[in-house]
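Only one structure is covered here, and it is reproduced in the block below.
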Number of protein chains: 2
Amino acid sequence: MAASGSTVSSPSVEDVLAQLRARGGRVTTARRQLLEALFDSTEHRTAEGLAAEVQSRAPDVHISTIYRNLDELERLGVVVHTHLGHGPATYHLSSVAHSHLVCELCGMAIEAPDELFRELASGAQDRYGFRIDPRHFAVLGRCRACSGATS
Amino acid sequence: MAASGSTVSSPSVEDVLAQLRARGGRVTTARRQLLEALFDSTEHRTAEGLAAEVQSRAPDVHISTIYRNLDELERLGVVVHTHLGHGPATYHLSSVAHSHLVCELCGMAIEAPDELFRELASGAQDRYGFRIDPRHFAVLGRCRACSGATS
DNA sequence: GTGCTTGCAAACGTTTTGCAGACTC
DNA sequence: GAGTCTGCAAAACGTTTGCAAGCAC
């Protein structure tokens with residue numbers, strides 16, 4: 001669907017709000033604050049963390065509203081979420097989406113460029129017709145520090 | 001790595017039970033049935049699915065026992081679990097462990113040989129000293145069928 | 001008999017849902 | 001005023017835990 005949809009170059013808070021309005025959506029405090037929190041940093045943030053940040057400015061915003069809006073923003077292509085092993089999912093702007101190498105021992109996350117996945121991508125495509133989406137999952141393993149640790 | 005410990009070539013139900021006994025553990029119905037369920041097929045099974053199978057033979061086995069034993073078996077190196085995107089974790093014998101390509105639309109899973117990850121593995125190692133564990137996460141993307149579907 | 005294992009029930013952390021009221025347009 | 005969004009509370013989901021009774025050794 002969405003003939004042109006994936007023009008994913010998240011521009012600014014106001015641009016996204018305009019996008020929402022164009023779709024018949026309303027611009028609310030919760031939405032503006034959530035977007036501001038998201039644009040604030042490129043870190044992986046959990047729904048809970050985002051909620052805390054939004055609540056520091058608008059205390060009444062409920063976490064269920066955060067989830068609903070993250071969902072909506074994901075549908076719009078503004079945000080993507082990633083599953084980093086166990087624990088909660090993390091969200092970021094799709095414009096700063098990238099892959100992750102997550103240490104299964106200490107939890108440290110390295111941001112990896114897509115090119116690291118080039119071979120995997122073409123291999124999966126050639127053999128299985130499978131198109132990987134390296135931004136939507138985390139690569140688990142052991143970081144340098146933990147690699148020595150438990151043999 | 002793993003001096004000797006990971007002699008992971010899960011032989012048979014009885015072998016594993018012997019291993020358990022050697023560690024001071026007890027051989028119980030729940031454990032034997034769980035192992036039999038695991039050895040039964042190489043599919044990815046959820047804790048719930050395994051519980052159902054065990055319960056069909058030993059109705060009183062509680063799912064918490066399944067979790068506890070899967071945990072223990074994982075500590076023994078007999079079993080590994082994987083996170084396939086959303087939803088529950090899946091478990092399988094480490095002797096048949098493999099990587100997965102999971103379609104984020106239809107959920108279909110393809111079992112991928114480790115060699116597909118060779119480049120990614122060496123790239124991550126060289127650049128970041130990160131040793132990937134391709135069996136412990138799923139590669140999300142779109143399968144051939146769904147790839148045509150949504151743009 | 002010792003002490004590892006179990007069933008149960010209850011709690012956990014994350015996410016989703018139903019609903020009536022509040023708000024944006 | 002119409003219809004979208006919200007807060008709240010409660011449920012859903014997968015998983016973990018505390019406990020007393022039960023079983024393997």
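We name chains A, B, ... following the order of the structure tokens; residues begin at 1 in each chain, and ligands are numbered from 1 as shown.
The residue set within 12 Å of DG1 of chain D, counting only C-alpha atoms (C1' of nucleotides) and dropping same-chain residues fewer than 2 places from it, reads DT24 and DC25 of chain C; DG3 of chain D.
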Taking only C-alpha atoms (C1' of nucleotides) into account, report as a PDB file with N, CA, C and O atoms (P, O5', C5', C4', C3', O3' and C1' of nucleotides), in the first residue's frame which residues of chain D lie within 10 Å of chain B.
ATOM      1  P    DC D  13      -4.076 -13.274  25.800  1.00  0.00           P
ATOM      2  O5'  DC D  13      -2.487 -13.288  25.944  1.00  0.00           O
ATOM      3  C5'  DC D  13      -1.721 -12.303  25.240  1.00  0.00           C
ATOM      4  C4'  DC D  13      -0.349 -12.281  25.829  1.00  0.00           C
ATOM      5  C3'  DC D  13       0.223 -13.665  26.154  1.00  0.00           C
ATOM      6  O3'  DC D  13       1.126 -13.990  25.128  1.00  0.00           O
ATOM      7  C1'  DC D  13       0.793 -12.005  27.773  1.00  0.00           C
ATOM      8  P    DG D  14       1.691 -15.481  25.067  1.00  0.00           P
ATOM      9  O5'  DG D  14       3.005 -15.301  25.949  1.00  0.00           O
ATOM     10  C5'  DG D  14       4.055 -14.536  25.405  1.00  0.00           C
ATOM     11  C4'  DG D  14       5.159 -14.374  26.427  1.00  0.00           C
ATOM     12  C3'  DG D  14       5.832 -15.688  26.849  1.00  0.00           C
ATOM     13  O3'  DG D  14       7.230 -15.456  26.836  1.00  0.00           O
ATOM     14  C1'  DG D  14       5.050 -14.526  28.748  1.00  0.00           C
ATOM     15  P    DT D  15       8.260 -16.618  27.181  1.00  0.00           P
ATOM     16  O5'  DT D  15       8.519 -16.379  28.737  1.00  0.00           O
ATOM     17  C5'  DT D  15       9.084 -15.138  29.121  1.00  0.00           C
ATOM     18  C4'  DT D  15       9.080 -15.025  30.625  1.00  0.00           C
ATOM     19  C3'  DT D  15       9.814 -16.169  31.342  1.00  0.00           C
ATOM     20  O3'  DT D  15      11.052 -15.622  31.792  1.00  0.00           O
ATOM     21  C1'  DT D  15       7.826 -15.461  32.469  1.00  0.00           C
ATOM     22  P    DT D  16      12.023 -16.501  32.712  1.00  0.00           P
ATOM     23  O5'  DT D  16      11.513 -16.101  34.177  1.00  0.00           O
ATOM     24  C5'  DT D  16      11.440 -14.738  34.514  1.00  0.00           C
ATOM     25  C4'  DT D  16      11.077 -14.592  35.972  1.00  0.00           C
ATOM     26  C3'  DT D  16      11.894 -15.486  36.917  1.00  0.00           C
ATOM     27  O3'  DT D  16      12.417 -14.624  37.908  1.00  0.00           O
ATOM     28  C1'  DT D  16       9.573 -15.746  37.328  1.00  0.00           C
ATOM     29  P    DT D  17      13.322 -15.191  39.078  1.00  0.00           P
ATOM     30  O5'  DT D  17      12.277 -15.398  40.268  1.00  0.00           O
ATOM     31  C5'  DT D  17      11.586 -14.291  40.782  1.00  0.00           C
ATOM     32  C4'  DT D  17      10.658 -14.759  41.887  1.00  0.00           C
ATOM     33  C3'  DT D  17      11.335 -15.651  42.929  1.00  0.00           C
ATOM     34  O3'  DT D  17      11.158 -15.040  44.194  1.00  0.00           O
ATOM     35  C1'  DT D  17       9.272 -16.577  42.211  1.00  0.00           C
ATOM     36  P    DC D  23       4.791 -37.957  45.274  1.00  0.00           P
ATOM     37  O5'  DC D  23       6.260 -38.250  44.774  1.00  0.00           O
ATOM     38  C5'  DC D  23       6.756 -37.476  43.675  1.00  0.00           C
ATOM     39  C4'  DC D  23       8.251 -37.500  43.746  1.00  0.00           C
ATOM     40  C3'  DC D  23       8.830 -38.900  43.771  1.00  0.00           C
ATOM     41  O3'  DC D  23       9.459 -39.072  42.516  1.00  0.00           O
ATOM     42  C1'  DC D  23       9.915 -37.445  45.336  1.00  0.00           C
ATOM     43  P    DA D  24      10.178 -40.458  42.165  1.00  0.00           P
ATOM     44  O5'  DA D  24      11.671 -39.978  42.360  1.00  0.00           O
ATOM     45  C5'  DA D  24      12.222 -39.044  41.457  1.00  0.00           C
ATOM     46  C4'  DA D  24      13.714 -38.880  41.722  1.00  0.00           C
ATOM     47  C3'  DA D  24      14.510 -40.158  41.575  1.00  0.00           C
ATOM     48  O3'  DA D  24      15.756 -39.799  40.981  1.00  0.00           O
ATOM     49  C1'  DA D  24      14.657 -39.383  43.810  1.00  0.00           C
ATOM     50  P    DC D  25      16.757 -40.921  40.565  1.00  0.00           P
ATOM     51  O5'  DC D  25      17.655 -41.073  41.862  1.00  0.00           O
ATOM     52  C5'  DC D  25      18.546 -40.013  42.180  1.00  0.00           C
ATOM     53  C4'  DC D  25      19.077 -40.187  43.582  1.00  0.00           C
ATOM     54  C3'  DC D  25      19.838 -41.491  43.799  1.00  0.00           C
ATOM     55  O3'  DC D  25      21.228 -41.217  43.695  1.00  0.00           O
ATOM     56  C1'  DC D  25      18.479 -40.862  45.663  1.00  0.00           C
TER      57       DC D  25
END
Per-residue nearest contacts chain A to chain B, cut-off 10 Å, using only C-alpha atoms, as CSV:
residue,atom,partner,partner_atom,distance
A:Met1,CA,B:Thr150,CA,5.6
A:Ala2,CA,B:Ser151,CA,7.8
A:Ala3,CA,B:Ser151,CA,7.5
A:Ser4,CA,B:Ser151,CA,8.9
A:Gly5,CA,B:Ser151,CA,9.0
A:Ser6,CA,B:Ser151,CA,9.2
A:Thr82,CA,B:Gly85,CA,8.5
A:His83,CA,B:Gly85,CA,6.5
A:Leu84,CA,B:Phe137,CA,9.1
A:Gly85,CA,B:His83,CA,6.5
A:His86,CA,B:His83,CA,7.7
A:Ala89,CA,B:His86,CA,9.2
A:Leu101,CA,B:Phe130,CA,7.7
A:Val102,CA,B:Ile132,CA,8.8
A:Cys103,CA,B:Phe130,CA,8.1
A:Glu104,CA,B:Asp133,CA,9.1
A:Ile110,CA,B:Tyr128,CA,8.2
A:Ala112,CA,B:Ala124,CA,8.4
A:Glu115,CA,B:Leu120,CA,9.2
A:Leu116,CA,B:Leu120,CA,5.8
A:Phe117,CA,B:Leu120,CA,5.9
A:Arg118,CA,B:Leu120,CA,8.1
A:Glu119,CA,B:Glu119,CA,6.2
A:Leu120,CA,B:Leu116,CA,5.8
A:Ala121,CA,B:Leu116,CA,9.0
A:Ser122,CA,B:Leu116,CA,9.4
A:Gly123,CA,B:Leu116,CA,6.4
A:Ala124,CA,B:Leu116,CA,7.5
A:Gln125,CA,B:Arg144,CA,8.5
A:Arg127,CA,B:Ala112,CA,9.7
A:Tyr128,CA,B:Arg144,CA,7.2
A:Gly129,CA,B:Arg144,CA,4.8
A:Phe130,CA,B:Cys143,CA,4.5
A:Arg131,CA,B:Arg142,CA,5.2
A:Ile132,CA,B:Gly141,CA,4.1
A:Asp133,CA,B:Gly141,CA,4.5
A:Pro134,CA,B:Leu140,CA,7.0
A:Arg135,CA,B:Leu140,CA,8.6
A:His136,CA,B:Leu140,CA,6.4
A:Phe137,CA,B:Leu140,CA,6.2
A:Ala138,CA,B:Phe137,CA,7.1
A:Val139,CA,B:Phe137,CA,6.4
A:Leu140,CA,B:Asp133,CA,5.7
A:Gly141,CA,B:Ile132,CA,4.1
A:Arg142,CA,B:Arg131,CA,5.2
A:Cys143,CA,B:Phe130,CA,4.5
A:Arg144,CA,B:Gly129,CA,4.7
A:Ala145,CA,B:Gly129,CA,8.5
A:Cys146,CA,B:Phe130,CA,9.2
A:Ser147,CA,B:Arg131,CA,7.2
A:Gly148,CA,B:Met1,CA,8.9
A:Thr150,CA,B:Ala2,CA,7.9
A:Ser151,CA,B:Ala2,CA,5.0
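Interface residues of chain C facing chain B, defined by any atom at most 9 Å away and using only C-alpha atoms (C1' of nucleotides), are DC4, DT5, DT6, DG7 and DC8 of chain C.
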Store the residues picked out above in a file with N, CA and C atoms (P, O5', C5', C4', C3', O3' and C1' of nucleotides), as a PDB file, in the first residue's frame.
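Produced file part.pdb, reproduced below:
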ATOM      1  P    DC C   4      20.273 -29.640  47.252  1.00  0.00           P
ATOM      2  O5'  DC C   4      19.758 -30.036  45.788  1.00  0.00           O
ATOM      3  C5'  DC C   4      19.994 -31.348  45.308  1.00  0.00           C
ATOM      4  C4'  DC C   4      18.776 -31.863  44.580  1.00  0.00           C
ATOM      5  C3'  DC C   4      18.244 -30.926  43.488  1.00  0.00           C
ATOM      6  O3'  DC C   4      17.868 -31.757  42.393  1.00  0.00           O
ATOM      7  C1'  DC C   4      16.507 -31.422  44.988  1.00  0.00           C
ATOM      8  P    DT C   5      17.486 -31.084  40.986  1.00  0.00           P
ATOM      9  O5'  DT C   5      15.997 -31.586  40.736  1.00  0.00           O
ATOM     10  C5'  DT C   5      15.114 -31.635  41.821  1.00  0.00           C
ATOM     11  C4'  DT C   5      13.735 -31.975  41.349  1.00  0.00           C
ATOM     12  C3'  DT C   5      13.155 -31.010  40.329  1.00  0.00           C
ATOM     13  O3'  DT C   5      12.289 -31.743  39.451  1.00  0.00           O
ATOM     14  C1'  DT C   5      12.015 -30.792  42.411  1.00  0.00           C
ATOM     15  P    DT C   6      11.345 -30.996  38.403  1.00  0.00           P
ATOM     16  O5'  DT C   6      10.006 -30.822  39.251  1.00  0.00           O
ATOM     17  C5'  DT C   6       9.201 -31.961  39.478  1.00  0.00           C
ATOM     18  C4'  DT C   6       8.034 -31.591  40.370  1.00  0.00           C
ATOM     19  C3'  DT C   6       7.068 -30.625  39.709  1.00  0.00           C
ATOM     20  O3'  DT C   6       5.937 -31.382  39.289  1.00  0.00           O
ATOM     21  C1'  DT C   6       7.567 -30.021  41.984  1.00  0.00           C
ATOM     22  P    DG C   7       4.897 -30.735  38.338  1.00  0.00           P
ATOM     23  O5'  DG C   7       3.888 -30.067  39.381  1.00  0.00           O
ATOM     24  C5'  DG C   7       2.954 -30.876  40.066  1.00  0.00           C
ATOM     25  C4'  DG C   7       2.129 -29.998  40.976  1.00  0.00           C
ATOM     26  C3'  DG C   7       1.239 -29.011  40.230  1.00  0.00           C
ATOM     27  O3'  DG C   7      -0.091 -29.166  40.708  1.00  0.00           O
ATOM     28  C1'  DG C   7       2.656 -27.868  41.793  1.00  0.00           C
ATOM     29  P    DC C   8      -1.279 -28.452  40.033  1.00  0.00           P
ATOM     30  O5'  DC C   8      -1.393 -27.101  40.870  1.00  0.00           O
ATOM     31  C5'  DC C   8      -1.523 -27.164  42.282  1.00  0.00           C
ATOM     32  C4'  DC C   8      -1.205 -25.809  42.885  1.00  0.00           C
ATOM     33  C3'  DC C   8      -1.923 -24.638  42.212  1.00  0.00           C
ATOM     34  O3'  DC C   8      -2.967 -24.208  43.068  1.00  0.00           O
ATOM     35  C1'  DC C   8       0.318 -24.119  42.854  1.00  0.00           C
TER      36       DC C   8
END
DSSP on the backbone: which residues in chain B end up as alpha helix (DSSP H)? Give the answer as a PyMOL selection string.
chain B and resi 13-22+29-40+47-57+63-76+118-128+144-149
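Counting from atom CA of Thr29 of chain A, the distance to atom CA of Ala58 of chain A is 7.7 Å.
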What is the atom CA of His100 of chain B to atom CA of Pro113 of chain B distance in Å?
8.6 Å
Any idea what's packed within 12 Å of DA22 of chain C, counting only C-alpha atoms (C1' of nucleotides), ignoring anything in its chain fewer than 5 positions away? Could you give it as a ChimeraX atom specification?
/A:28 /D:4-7
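For the pair atom CA of Leu17 of chain A and atom C1' of DA9 of chain D, the separation is 29.4 Å.
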Taking only chain A into account, list the residues labelled strand (DSSP E) by DSSP (computed from the backbone), as an MDAnalysis selection string.
chainID A and resid 45:46 79:82 90:93 99:103 109:112 131:132 138:142
